[in-house]
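Here is the file work_5.csv (CSV, C-alpha atoms and all ligand atoms).
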chain,number,residue,atom,x,y,z
A,1,MET,CA,-88.3,-80.3,-138.1
A,2,LYS,CA,-87.4,-83.0,-140.4
A,3,LYS,CA,-87.9,-86.3,-138.7
A,4,ILE,CA,-84.7,-88.3,-137.8
A,5,LYS,CA,-85.0,-91.8,-139.3
A,6,ILE,CA,-83.3,-94.6,-137.5
A,7,GLY,CA,-84.1,-97.5,-139.8
A,8,LYS,CA,-87.9,-97.8,-139.7
A,9,LEU,CA,-88.2,-95.7,-136.5
A,10,GLU,CA,-88.9,-92.0,-137.1
A,11,ILE,CA,-88.4,-89.5,-134.3
A,12,ASP,CA,-89.6,-86.0,-133.8
A,13,SER,CA,-86.8,-85.0,-131.4
A,14,TYR,CA,-83.3,-83.6,-131.8
A,15,VAL,CA,-82.5,-85.0,-128.4
A,16,TYR,CA,-81.5,-88.5,-127.2
A,17,ILE,CA,-81.1,-89.3,-123.6
A,18,PRO,CA,-78.5,-92.1,-123.8
A,19,PRO,CA,-78.1,-94.9,-121.3
A,20,MET,CA,-76.8,-94.1,-117.8
A,21,ALA,CA,-76.3,-97.1,-115.5
A,22,GLY,CA,-78.0,-96.4,-112.2
A,23,VAL,CA,-79.9,-93.4,-113.6
A,24,THR,CA,-82.1,-94.1,-116.8
A,25,ASP,CA,-84.3,-96.6,-115.1
A,26,LEU,CA,-88.1,-96.7,-115.5
A,27,ALA,CA,-88.7,-94.1,-112.8
A,28,PHE,CA,-86.3,-91.6,-114.4
A,29,ARG,CA,-87.7,-92.3,-117.8
A,30,LYS,CA,-91.3,-91.6,-116.5
A,31,MET,CA,-90.1,-88.3,-115.2
A,32,VAL,CA,-88.7,-87.4,-118.6
A,33,ARG,CA,-91.9,-88.4,-120.3
A,34,PHE,CA,-93.8,-86.2,-117.9
A,35,PHE,CA,-92.3,-83.3,-119.8
A,36,ASP,CA,-91.4,-84.6,-123.2
A,37,LYS,CA,-93.2,-87.3,-125.2
A,38,GLU,CA,-90.9,-87.1,-128.2
A,39,THR,CA,-87.3,-87.4,-126.9
A,40,LEU,CA,-85.4,-90.6,-127.7
A,41,ILE,CA,-84.3,-92.4,-124.5
A,42,ALA,CA,-82.7,-95.6,-123.6
A,43,THR,CA,-82.5,-98.0,-120.6
A,44,GLU,CA,-79.4,-98.5,-118.5
A,45,MET,CA,-76.9,-100.9,-120.1
A,46,VAL,CA,-77.9,-104.6,-119.7
A,47,SER,CA,-75.4,-107.5,-119.6
A,48,SER,CA,-76.2,-109.9,-122.4
A,49,LYS,CA,-74.5,-112.7,-120.4
A,50,ALA,CA,-76.7,-112.0,-117.3
A,51,LEU,CA,-79.7,-112.2,-119.5
A,52,MET,CA,-78.8,-115.8,-120.3
A,53,TYR,CA,-79.2,-116.7,-116.6
A,54,ASN,CA,-82.1,-114.4,-115.9
A,55,PRO,CA,-84.1,-113.4,-119.0
A,56,ASN,CA,-86.6,-111.4,-116.9
A,57,GLN,CA,-84.2,-108.7,-115.9
A,58,SER,CA,-86.1,-105.7,-114.5
A,59,LEU,CA,-83.6,-103.4,-116.2
A,60,MET,CA,-85.3,-104.2,-119.5
A,61,LYS,CA,-88.8,-103.6,-118.3
A,62,LEU,CA,-90.5,-101.0,-120.4
A,63,SER,CA,-93.8,-99.1,-119.9
A,64,PRO,CA,-96.3,-99.1,-122.8
A,65,ASP,CA,-96.5,-95.3,-122.7
A,66,GLU,CA,-92.8,-94.5,-122.9
A,67,HIS,CA,-92.0,-95.0,-126.6
A,68,PRO,CA,-89.7,-94.2,-128.4
A,69,VAL,CA,-87.3,-96.2,-126.1
A,70,GLY,CA,-84.3,-98.4,-126.7
A,71,ILE,CA,-82.6,-101.1,-124.8
A,72,GLN,CA,-78.8,-101.1,-124.6
A,73,LEU,CA,-76.9,-104.3,-124.4
A,74,PHE,CA,-73.2,-105.0,-123.6
A,75,GLY,CA,-71.2,-108.1,-124.3
A,76,HIS,CA,-68.6,-109.6,-126.6
A,77,GLU,CA,-70.0,-113.0,-127.6
A,78,SER,CA,-71.9,-112.9,-130.8
A,79,GLU,CA,-74.3,-115.7,-130.0
A,80,VAL,CA,-75.0,-114.4,-126.5
A,81,MET,CA,-75.6,-110.9,-127.9
A,82,ALA,CA,-77.9,-112.2,-130.6
A,83,LYS,CA,-80.0,-114.2,-128.1
A,84,ALA,CA,-80.1,-111.2,-125.7
A,85,ALA,CA,-81.2,-109.0,-128.6
A,86,VAL,CA,-84.2,-111.2,-129.2
A,87,LEU,CA,-85.2,-110.9,-125.5
A,88,ALA,CA,-84.9,-107.1,-125.7
A,89,GLU,CA,-87.0,-107.0,-128.8
A,90,VAL,CA,-89.7,-109.1,-127.1
A,91,GLN,CA,-89.9,-106.4,-124.4
A,92,GLY,CA,-91.1,-104.0,-127.0
A,93,ALA,CA,-88.0,-101.9,-127.5
A,94,ASP,CA,-88.1,-99.6,-130.5
A,95,PHE,CA,-84.4,-99.9,-131.1
A,96,LEU,CA,-81.4,-101.9,-129.8
A,97,ASP,CA,-78.2,-100.1,-128.9
A,98,ILE,CA,-74.9,-101.9,-128.6
A,99,ASN,CA,-72.5,-100.5,-126.0
A,100,MET,CA,-69.0,-99.9,-127.4
A,101,GLY,CA,-68.2,-97.0,-125.2
A,102,CYS,CA,-68.2,-98.0,-121.5
A,103,PRO,CA,-64.7,-97.2,-120.1
A,104,ALA,CA,-65.1,-98.9,-116.7
A,105,PRO,CA,-62.3,-101.4,-116.2
A,106,LYS,CA,-64.7,-104.1,-114.9
A,107,ILE,CA,-66.4,-103.9,-118.3
A,108,THR,CA,-63.5,-103.5,-120.6
A,109,LYS,CA,-61.3,-106.2,-119.1
A,110,GLY,CA,-63.9,-108.7,-120.3
A,111,LYS,CA,-63.6,-107.3,-123.8
A,112,ASP,CA,-67.0,-105.5,-123.4
A,113,GLY,CA,-67.9,-101.8,-123.8
A,114,ALA,CA,-65.1,-99.6,-125.2
A,115,ALA,CA,-62.8,-102.6,-125.5
A,116,LEU,CA,-64.7,-103.6,-128.7
A,117,MET,CA,-63.2,-100.5,-130.4
A,118,LYS,CA,-59.8,-102.2,-130.0
A,119,GLU,CA,-61.2,-105.3,-131.8
A,120,PRO,CA,-63.0,-103.9,-134.8
A,121,ASP,CA,-63.4,-107.4,-136.4
A,122,LEU,CA,-65.1,-108.7,-133.3
A,123,ALA,CA,-67.3,-105.6,-133.1
A,124,ILE,CA,-68.4,-106.2,-136.6
A,125,GLU,CA,-69.1,-109.9,-136.0
A,126,ILE,CA,-71.2,-109.1,-132.9
A,127,THR,CA,-73.1,-106.4,-134.7
A,128,LYS,CA,-73.9,-108.6,-137.7
A,129,ALA,CA,-75.2,-111.3,-135.4
A,130,VAL,CA,-77.4,-108.9,-133.5
A,131,ILE,CA,-78.8,-107.3,-136.6
A,132,SER,CA,-79.7,-110.6,-138.2
A,133,SER,CA,-81.5,-111.8,-135.0
A,134,VAL,CA,-84.0,-108.9,-134.7
A,135,LYS,CA,-86.3,-106.8,-136.8
A,136,ILE,CA,-85.9,-103.5,-134.9
A,137,PRO,CA,-83.2,-101.0,-135.8
A,138,VAL,CA,-79.8,-101.6,-134.3
A,139,THR,CA,-77.6,-98.6,-133.2
A,140,VAL,CA,-74.1,-98.3,-131.7
A,141,LYS,CA,-72.8,-96.0,-129.0
A,142,MET,CA,-69.1,-95.5,-129.0
A,143,ARG,CA,-66.2,-93.2,-128.1
A,144,LEU,CA,-63.6,-91.6,-130.3
A,145,GLY,CA,-61.4,-94.6,-129.8
A,146,TRP,CA,-59.4,-96.5,-127.2
A,147,ASP,CA,-56.8,-93.8,-126.6
A,148,GLU,CA,-55.1,-90.9,-128.2
A,149,CYS,CA,-53.2,-93.2,-130.6
A,150,GLU,CA,-56.2,-95.2,-131.6
A,151,LYS,CA,-59.0,-92.9,-132.6
A,152,ASN,CA,-60.6,-95.2,-135.0
A,153,ALA,CA,-64.3,-94.1,-134.6
A,154,PRO,CA,-64.7,-92.8,-138.2
A,155,ASN,CA,-63.4,-96.0,-139.7
A,156,LEU,CA,-65.3,-98.3,-137.3
A,157,ALA,CA,-68.5,-96.4,-137.8
A,158,SER,CA,-68.2,-96.7,-141.5
A,159,ARG,CA,-67.7,-100.4,-141.4
A,160,LEU,CA,-70.6,-100.8,-138.9
A,161,GLU,CA,-72.9,-98.8,-141.2
A,162,GLN,CA,-72.0,-101.2,-144.0
A,163,VAL,CA,-73.3,-104.2,-142.0
A,164,GLY,CA,-76.6,-102.4,-141.2
A,165,VAL,CA,-76.2,-100.1,-138.2
A,166,CYS,CA,-79.0,-97.5,-138.4
A,167,ALA,CA,-77.6,-94.7,-136.2
A,168,PHE,CA,-74.6,-93.8,-134.0
A,169,THR,CA,-74.1,-92.0,-130.7
A,170,ILE,CA,-70.5,-90.6,-130.5
A,171,HIS,CA,-69.1,-89.5,-127.2
A,172,GLY,CA,-66.3,-87.1,-128.0
A,173,ARG,CA,-63.7,-88.7,-125.7
A,174,THR,CA,-61.5,-91.7,-125.8
A,175,ARG,CA,-61.7,-94.6,-123.4
A,176,GLU,CA,-58.5,-93.4,-121.8
A,177,GLN,CA,-60.0,-90.0,-121.0
A,178,GLY,CA,-62.9,-91.5,-119.1
A,179,TYR,CA,-64.8,-88.3,-118.3
A,180,THR,CA,-61.8,-86.0,-118.0
A,181,GLY,CA,-61.0,-83.0,-120.2
A,182,ALA,CA,-63.5,-81.5,-122.6
A,183,ALA,CA,-65.4,-83.6,-125.2
A,184,ASP,CA,-63.9,-83.0,-128.7
A,185,TRP,CA,-66.8,-82.0,-130.9
A,186,ASN,CA,-64.5,-81.4,-133.9
A,187,ALA,CA,-63.5,-85.1,-133.7
A,188,ILE,CA,-67.2,-86.1,-133.6
A,189,SER,CA,-67.7,-84.2,-136.9
A,190,GLN,CA,-65.1,-86.6,-138.5
A,191,VAL,CA,-67.4,-89.5,-137.6
A,192,LYS,CA,-70.4,-87.8,-138.9
A,193,LYS,CA,-68.7,-87.3,-142.2
A,194,SER,CA,-67.8,-91.0,-142.4
A,195,VAL,CA,-71.4,-92.3,-142.4
A,196,SER,CA,-74.7,-91.4,-144.0
A,197,VAL,CA,-77.0,-92.7,-141.2
A,198,PRO,CA,-78.0,-90.3,-138.3
A,199,VAL,CA,-75.4,-89.4,-135.7
A,200,PHE,CA,-76.1,-88.1,-132.2
A,201,GLY,CA,-73.1,-86.0,-130.9
A,202,ASN,CA,-72.4,-86.5,-127.3
A,203,GLY,CA,-70.4,-84.9,-124.5
A,204,ASP,CA,-70.7,-81.9,-122.2
A,205,VAL,CA,-74.0,-80.5,-123.5
A,206,ARG,CA,-75.7,-78.8,-120.6
A,207,SER,CA,-78.1,-76.2,-122.1
A,208,PRO,CA,-80.1,-75.4,-125.2
A,209,HIS,CA,-77.2,-73.1,-126.4
A,210,ASP,CA,-74.7,-75.9,-126.0
A,211,ALA,CA,-76.9,-78.2,-128.0
A,212,LEU,CA,-77.2,-75.8,-130.8
A,213,LYS,CA,-73.4,-75.2,-130.8
A,214,LEU,CA,-72.7,-79.0,-130.9
A,215,LEU,CA,-75.0,-79.4,-133.9
A,216,GLU,CA,-73.3,-76.5,-135.6
A,217,VAL,CA,-69.8,-77.7,-134.9
A,218,THR,CA,-70.3,-81.4,-135.6
A,219,GLY,CA,-73.0,-81.3,-138.3
A,220,CYS,CA,-74.7,-84.1,-136.4
A,221,ASP,CA,-78.4,-84.9,-136.7
A,222,GLY,CA,-79.1,-84.8,-133.0
A,223,VAL,CA,-77.6,-84.4,-129.6
A,224,ALA,CA,-77.2,-87.0,-126.9
A,225,ILE,CA,-77.4,-85.5,-123.4
A,226,ALA,CA,-76.7,-87.6,-120.3
A,227,ARG,CA,-75.4,-86.0,-117.1
A,228,ALA,CA,-77.1,-82.7,-117.5
A,229,THR,CA,-80.5,-84.4,-117.4
A,230,MET,CA,-79.9,-85.8,-113.9
A,231,GLY,CA,-82.2,-83.9,-111.6
A,232,ALA,CA,-83.5,-82.0,-114.7
A,233,PRO,CA,-85.9,-84.3,-116.6
A,234,TRP,CA,-87.3,-81.2,-118.3
A,235,LEU,CA,-84.1,-80.4,-120.1
A,236,SER,CA,-84.8,-82.4,-123.2
A,237,MET,CA,-88.1,-80.6,-123.6
A,238,GLN,CA,-86.3,-77.2,-123.3
A,239,ILE,CA,-83.7,-78.2,-125.8
A,240,ASN,CA,-86.1,-79.5,-128.3
A,241,GLN,CA,-88.3,-76.4,-128.0
A,242,PHE,CA,-85.2,-74.2,-128.5
A,243,LEU,CA,-83.9,-76.1,-131.5
A,244,LYS,CA,-87.3,-76.3,-133.1
A,245,THR,CA,-88.6,-72.8,-132.5
A,246,GLY,CA,-85.7,-70.7,-131.1
A,247,SER,CA,-87.7,-69.9,-128.0
A,248,PHE,CA,-86.9,-70.7,-124.4
A,249,LEU,CA,-89.1,-72.5,-122.0
A,250,PRO,CA,-88.3,-71.6,-118.4
A,251,GLU,CA,-87.2,-74.4,-116.1
A,252,PRO,CA,-89.4,-75.2,-113.0
A,253,GLU,CA,-89.1,-72.9,-110.0
A,254,ASN,CA,-87.1,-74.3,-107.1
A,255,ILE,CA,-90.3,-75.0,-105.1
A,256,GLU,CA,-91.7,-77.0,-108.1
A,257,LYS,CA,-88.4,-78.9,-108.3
A,258,LEU,CA,-88.9,-80.1,-104.8
A,259,ALA,CA,-92.3,-81.5,-105.7
A,260,LEU,CA,-90.7,-83.2,-108.7
A,261,ALA,CA,-88.0,-84.6,-106.6
A,262,LEU,CA,-90.6,-86.2,-104.3
A,263,LYS,CA,-92.5,-87.5,-107.4
A,264,HIS,CA,-89.4,-89.1,-108.7
A,265,LEU,CA,-88.8,-90.7,-105.3
A,266,ASP,CA,-92.3,-92.0,-105.3
A,267,GLU,CA,-91.9,-93.5,-108.8
A,268,LEU,CA,-88.8,-95.3,-107.5
A,269,ILE,CA,-90.5,-96.6,-104.4
A,270,LYS,CA,-93.5,-97.8,-106.5
A,271,ILE,CA,-91.2,-99.8,-108.7
A,272,LYS,CA,-88.5,-101.0,-106.3
A,273,GLY,CA,-90.0,-100.8,-102.8
A,274,GLU,CA,-89.1,-98.3,-100.1
A,275,THR,CA,-85.7,-99.6,-99.0
A,276,VAL,CA,-84.2,-99.8,-102.5
A,277,GLY,CA,-86.2,-96.9,-103.9
A,278,VAL,CA,-85.0,-94.5,-101.1
A,279,ARG,CA,-81.4,-95.7,-101.3
A,280,GLU,CA,-81.3,-95.2,-105.1
A,281,GLY,CA,-83.4,-92.0,-104.8
A,282,ARG,CA,-80.8,-90.2,-102.7
A,283,ARG,CA,-78.7,-89.2,-105.6
A,284,HIS,CA,-81.7,-87.9,-107.5
A,285,LEU,CA,-82.9,-85.8,-104.6
A,286,ILE,CA,-79.4,-84.3,-104.4
A,287,ASN,CA,-79.5,-83.5,-108.1
A,288,TYR,CA,-82.9,-81.9,-108.0
A,289,THR,CA,-81.8,-79.6,-105.2
A,290,LYS,CA,-78.5,-78.7,-106.7
A,291,GLY,CA,-77.8,-74.9,-106.6
A,292,MET,CA,-80.7,-74.1,-104.3
A,293,PRO,CA,-79.8,-71.3,-101.9
A,294,GLU,CA,-79.1,-72.1,-98.2
A,295,SER,CA,-79.4,-75.8,-99.0
A,296,ALA,CA,-76.0,-77.2,-98.3
A,297,GLN,CA,-76.8,-78.6,-94.8
A,298,ILE,CA,-80.2,-80.1,-95.7
A,299,ARG,CA,-78.7,-81.6,-98.9
A,300,ALA,CA,-76.0,-83.3,-96.9
A,301,GLN,CA,-78.8,-84.9,-94.8
A,302,ILE,CA,-80.8,-85.8,-97.9
A,303,GLY,CA,-77.8,-87.8,-99.0
A,304,GLN,CA,-78.3,-90.1,-96.0
A,305,VAL,CA,-82.1,-90.5,-95.8
A,306,ASN,CA,-83.5,-94.0,-95.1
A,307,SER,CA,-87.2,-93.6,-95.6
A,308,ARG,CA,-89.7,-91.6,-97.6
A,309,TYR,CA,-90.8,-89.9,-94.4
A,310,GLU,CA,-87.3,-88.6,-93.7
A,311,ALA,CA,-86.9,-87.5,-97.3
A,312,LYS,CA,-90.3,-85.6,-97.3
A,313,GLU,CA,-89.4,-83.9,-94.0
A,314,LEU,CA,-86.1,-82.6,-95.4
A,315,LEU,CA,-87.7,-81.5,-98.7
A,316,SER,CA,-90.4,-79.7,-96.6
A,317,ARG,CA,-87.7,-78.0,-94.6
A,318,LEU,CA,-86.0,-76.9,-97.7
A,319,LYS,CA,-89.3,-75.5,-99.0
A,320,GLU,CA,-89.7,-73.5,-95.8
A,321,GLU,CA,-86.2,-72.1,-96.3
A,322,LEU,CA,-87.0,-71.1,-99.9
A,323,LEU,CA,-90.3,-69.5,-98.9
A,324,ASN,CA,-88.7,-67.5,-96.1
A,325,ARG,CA,-86.1,-66.3,-98.5
A,326,MET,CA,-88.7,-65.4,-101.1
A,327,GLU,CA,-90.6,-63.4,-98.5
A,328,LYS,CA,-87.4,-61.6,-97.6
A,329,ASN,CA,-86.6,-61.0,-101.2
A,330,ASN,CA,-90.2,-59.7,-101.8
A,331,PHE,CA,-89.6,-57.4,-98.9
A,332,VAL,CA,-86.4,-56.2,-100.3
A,333,LYS,CA,-88.0,-55.7,-103.7
A,334,GLU,CA,-90.9,-53.7,-102.1
A,335,ALA,CA,-88.3,-51.7,-100.2
A,336,GLU,CA,-86.4,-51.0,-103.4
A,337,THR,CA,-89.6,-50.1,-105.3
A,338,SER,CA,-90.7,-47.7,-102.6
A,339,LYS,CA,-87.2,-46.2,-102.5
A,340,PHE,CA,-87.4,-45.8,-106.2
A,341,LYS,CA,-90.8,-44.1,-105.9
A,342,LEU,CA,-89.5,-41.8,-103.2
A,343,ILE,CA,-86.6,-40.9,-105.4
A,344,SER,CA,-89.0,-40.3,-108.4
A,345,VAL,CA,-91.3,-38.3,-106.2
A,346,LYS,CA,-88.4,-36.1,-105.3
B,1,LIG,C1,-73.7,-92.4,-114.2
B,1,LIG,C2,-73.4,-92.7,-115.6
B,1,LIG,C3,-73.7,-93.9,-116.1
B,1,LIG,C4,-73.5,-94.2,-117.5
B,1,LIG,N1,-73.9,-95.4,-118.0
B,1,LIG,C5,-73.7,-95.6,-119.3
B,1,LIG,C6,-74.2,-96.8,-119.9
B,1,LIG,O1,-74.8,-97.7,-119.2
B,1,LIG,N2,-74.0,-97.0,-121.2
B,1,LIG,C7,-73.4,-96.1,-122.0
B,1,LIG,O2,-73.3,-96.3,-123.2
B,1,LIG,N3,-73.0,-94.9,-121.5
B,1,LIG,C8,-73.1,-94.7,-120.2
B,1,LIG,N4,-72.7,-93.5,-119.7
B,1,LIG,C9,-72.2,-92.5,-120.6
B,1,LIG,C10,-73.2,-91.4,-121.0
B,1,LIG,O3,-74.2,-92.1,-121.8
B,1,LIG,C11,-72.6,-90.3,-121.9
B,1,LIG,O4,-72.0,-90.9,-123.0
B,1,LIG,C12,-71.6,-89.5,-121.1
B,1,LIG,O5,-72.0,-89.2,-119.8
B,1,LIG,C13,-71.2,-88.2,-121.8
B,1,LIG,O6,-72.3,-87.4,-122.0
B,1,LIG,P1,-72.7,-86.1,-121.1
B,1,LIG,O7,-71.5,-85.2,-121.2
B,1,LIG,O8,-73.9,-85.5,-121.7
B,1,LIG,O9,-72.9,-86.6,-119.7
B,1,LIG,C14,-72.9,-93.2,-118.3
B,1,LIG,C15,-72.6,-92.0,-117.8
B,1,LIG,C16,-72.8,-91.7,-116.5
B,1,LIG,C17,-72.5,-90.3,-115.9
Represent the structure from my file as structure tokens, please.
Amino acid sequence: MKKIKIGKLEIDSYVYIPPMAGVTDLAFRKMVRFFDKETLIATEMVSSKALMYNPNQSLMKLSPDEHPVGIQLFGHESEVMAKAAVLAEVQGADFLDINMGCPAPKITKGKDGAALMKEPDLAIEITKAVISSVKIPVTVKMRLGWDECEKNAPNLASRLEQVGVCAFTIHGRTREQGYTGAADWNAISQVKKSVSVPVFGNGDVRSPHDALKLLEVTGCDGVAIARATMGAPWLSMQINQFLKTGSFLPEPENIEKLALALKHLDELIKIKGETVGVREGRRHLINYTKGMPESAQIRAQIGQVNSRYEAKELLSRLKEELLNRMEKNNFVKEAETSKFKLISVK
């Protein structure tokens, strides 16, 4: 593939795993790197204002072996954002992303996140300040606009490119839509046409085929995949493999997923201690076990675990269920085969 150039950063991946608060922490990113060394990935969003009080925020902690990785900042004060950007650069981030897409009222009411799309002049001022304070490439993640009447992403992106933004991630929904409805990939293509730097199209991609379709519809350079990677840190590897070669890599077997779930929990515990690690790990364990047969009851209990021991016990019980089922299925298969043989002998 042709490398995607984000300023001086060159990446060998069509996939970007964009920020997800409460998800894309160091433990999650380690799980992704276990499968895929190339994919672009970013931290959870970090408050520029909070960094002024506590510059050592653990949210910005990066591991030396996880590059290429970016740090996402949110805020609406140029000076504060510029200072925060310097702190992020010092952490070793390969790029810095400005959040202009978060729809949460607690963020937008302070003029942060998607609210910046309503104030394009302020968005430009902040971005200029950030760009002039760091040497690493600066990117912007935004939505189509504030609401149906104000879909200004193409115009805003073009203005932001002129002040030096090196790439965009465009989530094909407005702030008003939140996460409802389907992402509008055609509207993303309008943004792609309005700039010459790389654009990652984002919204509702769940599989290698979806990724290919998004690239075809939007003309984007890459695809940003968020929710579908939860409980599936191998997905970016599968999508890259498909887009680069046309071939499919299988996803791990259910039994392997259980081992990966425990590995993820252990990474969280290593970084955050058992109490916080297990509390934050519950959602991941639920995600890894999604769709497993006969799992509803055990998954409900997994959602309430309080210790690693409890989590391991439940995952082991689930494994037993799966093994029993496989045995049964093998038996069924054997029975079918022998039946087939009998028929063929006849
Ligand atoms: C739990 C969660 C947390 C998110 N946190 C952030 C964030 O911190 N910054 C951001 O720009 N977008 C955030 N997003 C939005 C995603 O990056 C992405 O734009 C959105 O989920 C659409 O992509 P998808 O359909 O692939 O999930 C978050 C989404 C989810 C589900």
10 Å from ligand LIG 1 (chain B) is the threshold here; counting all atoms listed in the file, which polymer residues fall inside it? Answer as a ChimeraX atom specification.
/A:16-24,42-47,72-74,97-104,113-114,140-143,169-173,178-179,182-183,201-206,223-230
Please dump the current selection as an mmCIF file, in the coordinates of the input; keep C-alpha atoms.
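What ended up in again_31.cif:
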data_model
loop_
_atom_site.group_PDB
_atom_site.id
_atom_site.type_symbol
_atom_site.label_atom_id
_atom_site.label_comp_id
_atom_site.auth_asym_id
_atom_site.auth_seq_id
_atom_site.Cartn_x
_atom_site.Cartn_y
_atom_site.Cartn_z
ATOM 1 C CA TYR A 16 -81.500 -88.500 -127.200
ATOM 2 C CA ILE A 17 -81.100 -89.300 -123.600
ATOM 3 C CA PRO A 18 -78.500 -92.100 -123.800
ATOM 4 C CA PRO A 19 -78.100 -94.900 -121.300
ATOM 5 C CA MET A 20 -76.800 -94.100 -117.800
ATOM 6 C CA ALA A 21 -76.300 -97.100 -115.500
ATOM 7 C CA GLY A 22 -78.000 -96.400 -112.200
ATOM 8 C CA VAL A 23 -79.900 -93.400 -113.600
ATOM 9 C CA THR A 24 -82.100 -94.100 -116.800
ATOM 10 C CA ALA A 42 -82.700 -95.600 -123.600
ATOM 11 C CA THR A 43 -82.500 -98.000 -120.600
ATOM 12 C CA GLU A 44 -79.400 -98.500 -118.500
ATOM 13 C CA MET A 45 -76.900 -100.900 -120.100
ATOM 14 C CA VAL A 46 -77.900 -104.600 -119.700
ATOM 15 C CA SER A 47 -75.400 -107.500 -119.600
ATOM 16 C CA GLN A 72 -78.800 -101.100 -124.600
ATOM 17 C CA LEU A 73 -76.900 -104.300 -124.400
ATOM 18 C CA PHE A 74 -73.200 -105.000 -123.600
ATOM 19 C CA ASP A 97 -78.200 -100.100 -128.900
ATOM 20 C CA ILE A 98 -74.900 -101.900 -128.600
ATOM 21 C CA ASN A 99 -72.500 -100.500 -126.000
ATOM 22 C CA MET A 100 -69.000 -99.900 -127.400
ATOM 23 C CA GLY A 101 -68.200 -97.000 -125.200
ATOM 24 C CA CYS A 102 -68.200 -98.000 -121.500
ATOM 25 C CA PRO A 103 -64.700 -97.200 -120.100
ATOM 26 C CA ALA A 104 -65.100 -98.900 -116.700
ATOM 27 C CA GLY A 113 -67.900 -101.800 -123.800
ATOM 28 C CA ALA A 114 -65.100 -99.600 -125.200
ATOM 29 C CA VAL A 140 -74.100 -98.300 -131.700
ATOM 30 C CA LYS A 141 -72.800 -96.000 -129.000
ATOM 31 C CA MET A 142 -69.100 -95.500 -129.000
ATOM 32 C CA ARG A 143 -66.200 -93.200 -128.100
ATOM 33 C CA THR A 169 -74.100 -92.000 -130.700
ATOM 34 C CA ILE A 170 -70.500 -90.600 -130.500
ATOM 35 C CA HIS A 171 -69.100 -89.500 -127.200
ATOM 36 C CA GLY A 172 -66.300 -87.100 -128.000
ATOM 37 C CA ARG A 173 -63.700 -88.700 -125.700
ATOM 38 C CA GLY A 178 -62.900 -91.500 -119.100
ATOM 39 C CA TYR A 179 -64.800 -88.300 -118.300
ATOM 40 C CA ALA A 182 -63.500 -81.500 -122.600
ATOM 41 C CA ALA A 183 -65.400 -83.600 -125.200
ATOM 42 C CA GLY A 201 -73.100 -86.000 -130.900
ATOM 43 C CA ASN A 202 -72.400 -86.500 -127.300
ATOM 44 C CA GLY A 203 -70.400 -84.900 -124.500
ATOM 45 C CA ASP A 204 -70.700 -81.900 -122.200
ATOM 46 C CA VAL A 205 -74.000 -80.500 -123.500
ATOM 47 C CA ARG A 206 -75.700 -78.800 -120.600
ATOM 48 C CA VAL A 223 -77.600 -84.400 -129.600
ATOM 49 C CA ALA A 224 -77.200 -87.000 -126.900
ATOM 50 C CA ILE A 225 -77.400 -85.500 -123.400
ATOM 51 C CA ALA A 226 -76.700 -87.600 -120.300
ATOM 52 C CA ARG A 227 -75.400 -86.000 -117.100
ATOM 53 C CA ALA A 228 -77.100 -82.700 -117.500
ATOM 54 C CA THR A 229 -80.500 -84.400 -117.400
ATOM 55 C CA MET A 230 -79.900 -85.800 -113.900
#
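From CA of Arg308 (chain A) back to CA of Met60 (chain A), the distance works out to 25.6 Å.
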Judged by only C-alpha atoms, the minimum distance to Tyr288 (chain A) among A:Gly145, A:Gly219, A:Pro250, A:Gly231 is found for A:Gly231
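Taking CA of Thr245 (chain A) and CA of Ala259 (chain A) as the two end points, the separation is 28.4 Å.
Comparing A:Glu320, A:Glu119, A:Asp210, A:Asp112 by their smallest distance to Asn254 (chain A), the closest is A:Glu320 (using only C-alpha atoms).
Nearest to Leu212 (chain A) of all the residues A:Tyr14, A:Pro233, A:Tyr53, A:Val195 is A:Tyr14, based on all atoms listed in the file.
Residues lying within 10 Å of Leu122 (chain A), counting only C-alpha atoms and ignoring same-chain neighbours fewer than 5 positions away, are His76, Glu77, Ser78, Lys111, Leu116, Met117, Thr127 and Lys128 of chain A.
Residue nearest Gln238 (chain A) within the list A:Asp36, A:Glu10, A:Glu280, A:Glu79: A:Asp36 [criterion: smallest interatomic distance, all atoms listed in the file].
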For a test of reading the model, state the distance in Å between CA of Lys5 (chain A) and CA of Pro198 (chain A), rounded to one decimal.
7.2 Å
Find the spatial neighbours of Leu62 (chain A), counting all atoms listed in the file, within a cut-off of 8 Å - ignore same-chain residues fewer than 5 positions away - and output them as a PDB file with C-alpha atoms, keeping the file's coordinate frame.
ATOM      1  CA  LEU A  26     -88.100 -96.700-115.500  1.00  0.00           C
ATOM      2  CA  GLN A  91     -89.900-106.400-124.400  1.00  0.00           C
ATOM      3  CA  GLY A  92     -91.100-104.000-127.000  1.00  0.00           C
ATOM      4  CA  ALA A  93     -88.000-101.900-127.500  1.00  0.00           C
TER       5      ALA A  93
END
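Distance check against Leu318 (chain A) using all atoms listed in the file: of A:Glu294, A:Glu267, A:Asp12, A:Glu89, the minimum falls on A:Glu294.
Here the question is which of A:Ile271, A:Leu215, A:Ala187, A:Leu260 gets nearest to Leu59 (chain A) using only C-alpha atoms, and that residue is A:Ile271.
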Just want the 9 Å neighbourhood of Thr275 (chain A), counted on all atoms listed in the file, with same-chain residues fewer than 4 positions away dropped. Output as a list in words.
Ile269, Arg279, Glu280, Asn306 and Ser307 of chain A
Please save C-alpha atoms of the selected residues as an mmCIF file, keeping the file's coordinate frame.
data_model
loop_
_atom_site.group_PDB
_atom_site.id
_atom_site.type_symbol
_atom_site.label_atom_id
_atom_site.label_comp_id
_atom_site.auth_asym_id
_atom_site.auth_seq_id
_atom_site.Cartn_x
_atom_site.Cartn_y
_atom_site.Cartn_z
ATOM 1 C CA ILE A 269 -90.500 -96.600 -104.400
ATOM 2 C CA ARG A 279 -81.400 -95.700 -101.300
ATOM 3 C CA GLU A 280 -81.300 -95.200 -105.100
ATOM 4 C CA ASN A 306 -83.500 -94.000 -95.100
ATOM 5 C CA SER A 307 -87.200 -93.600 -95.600
#
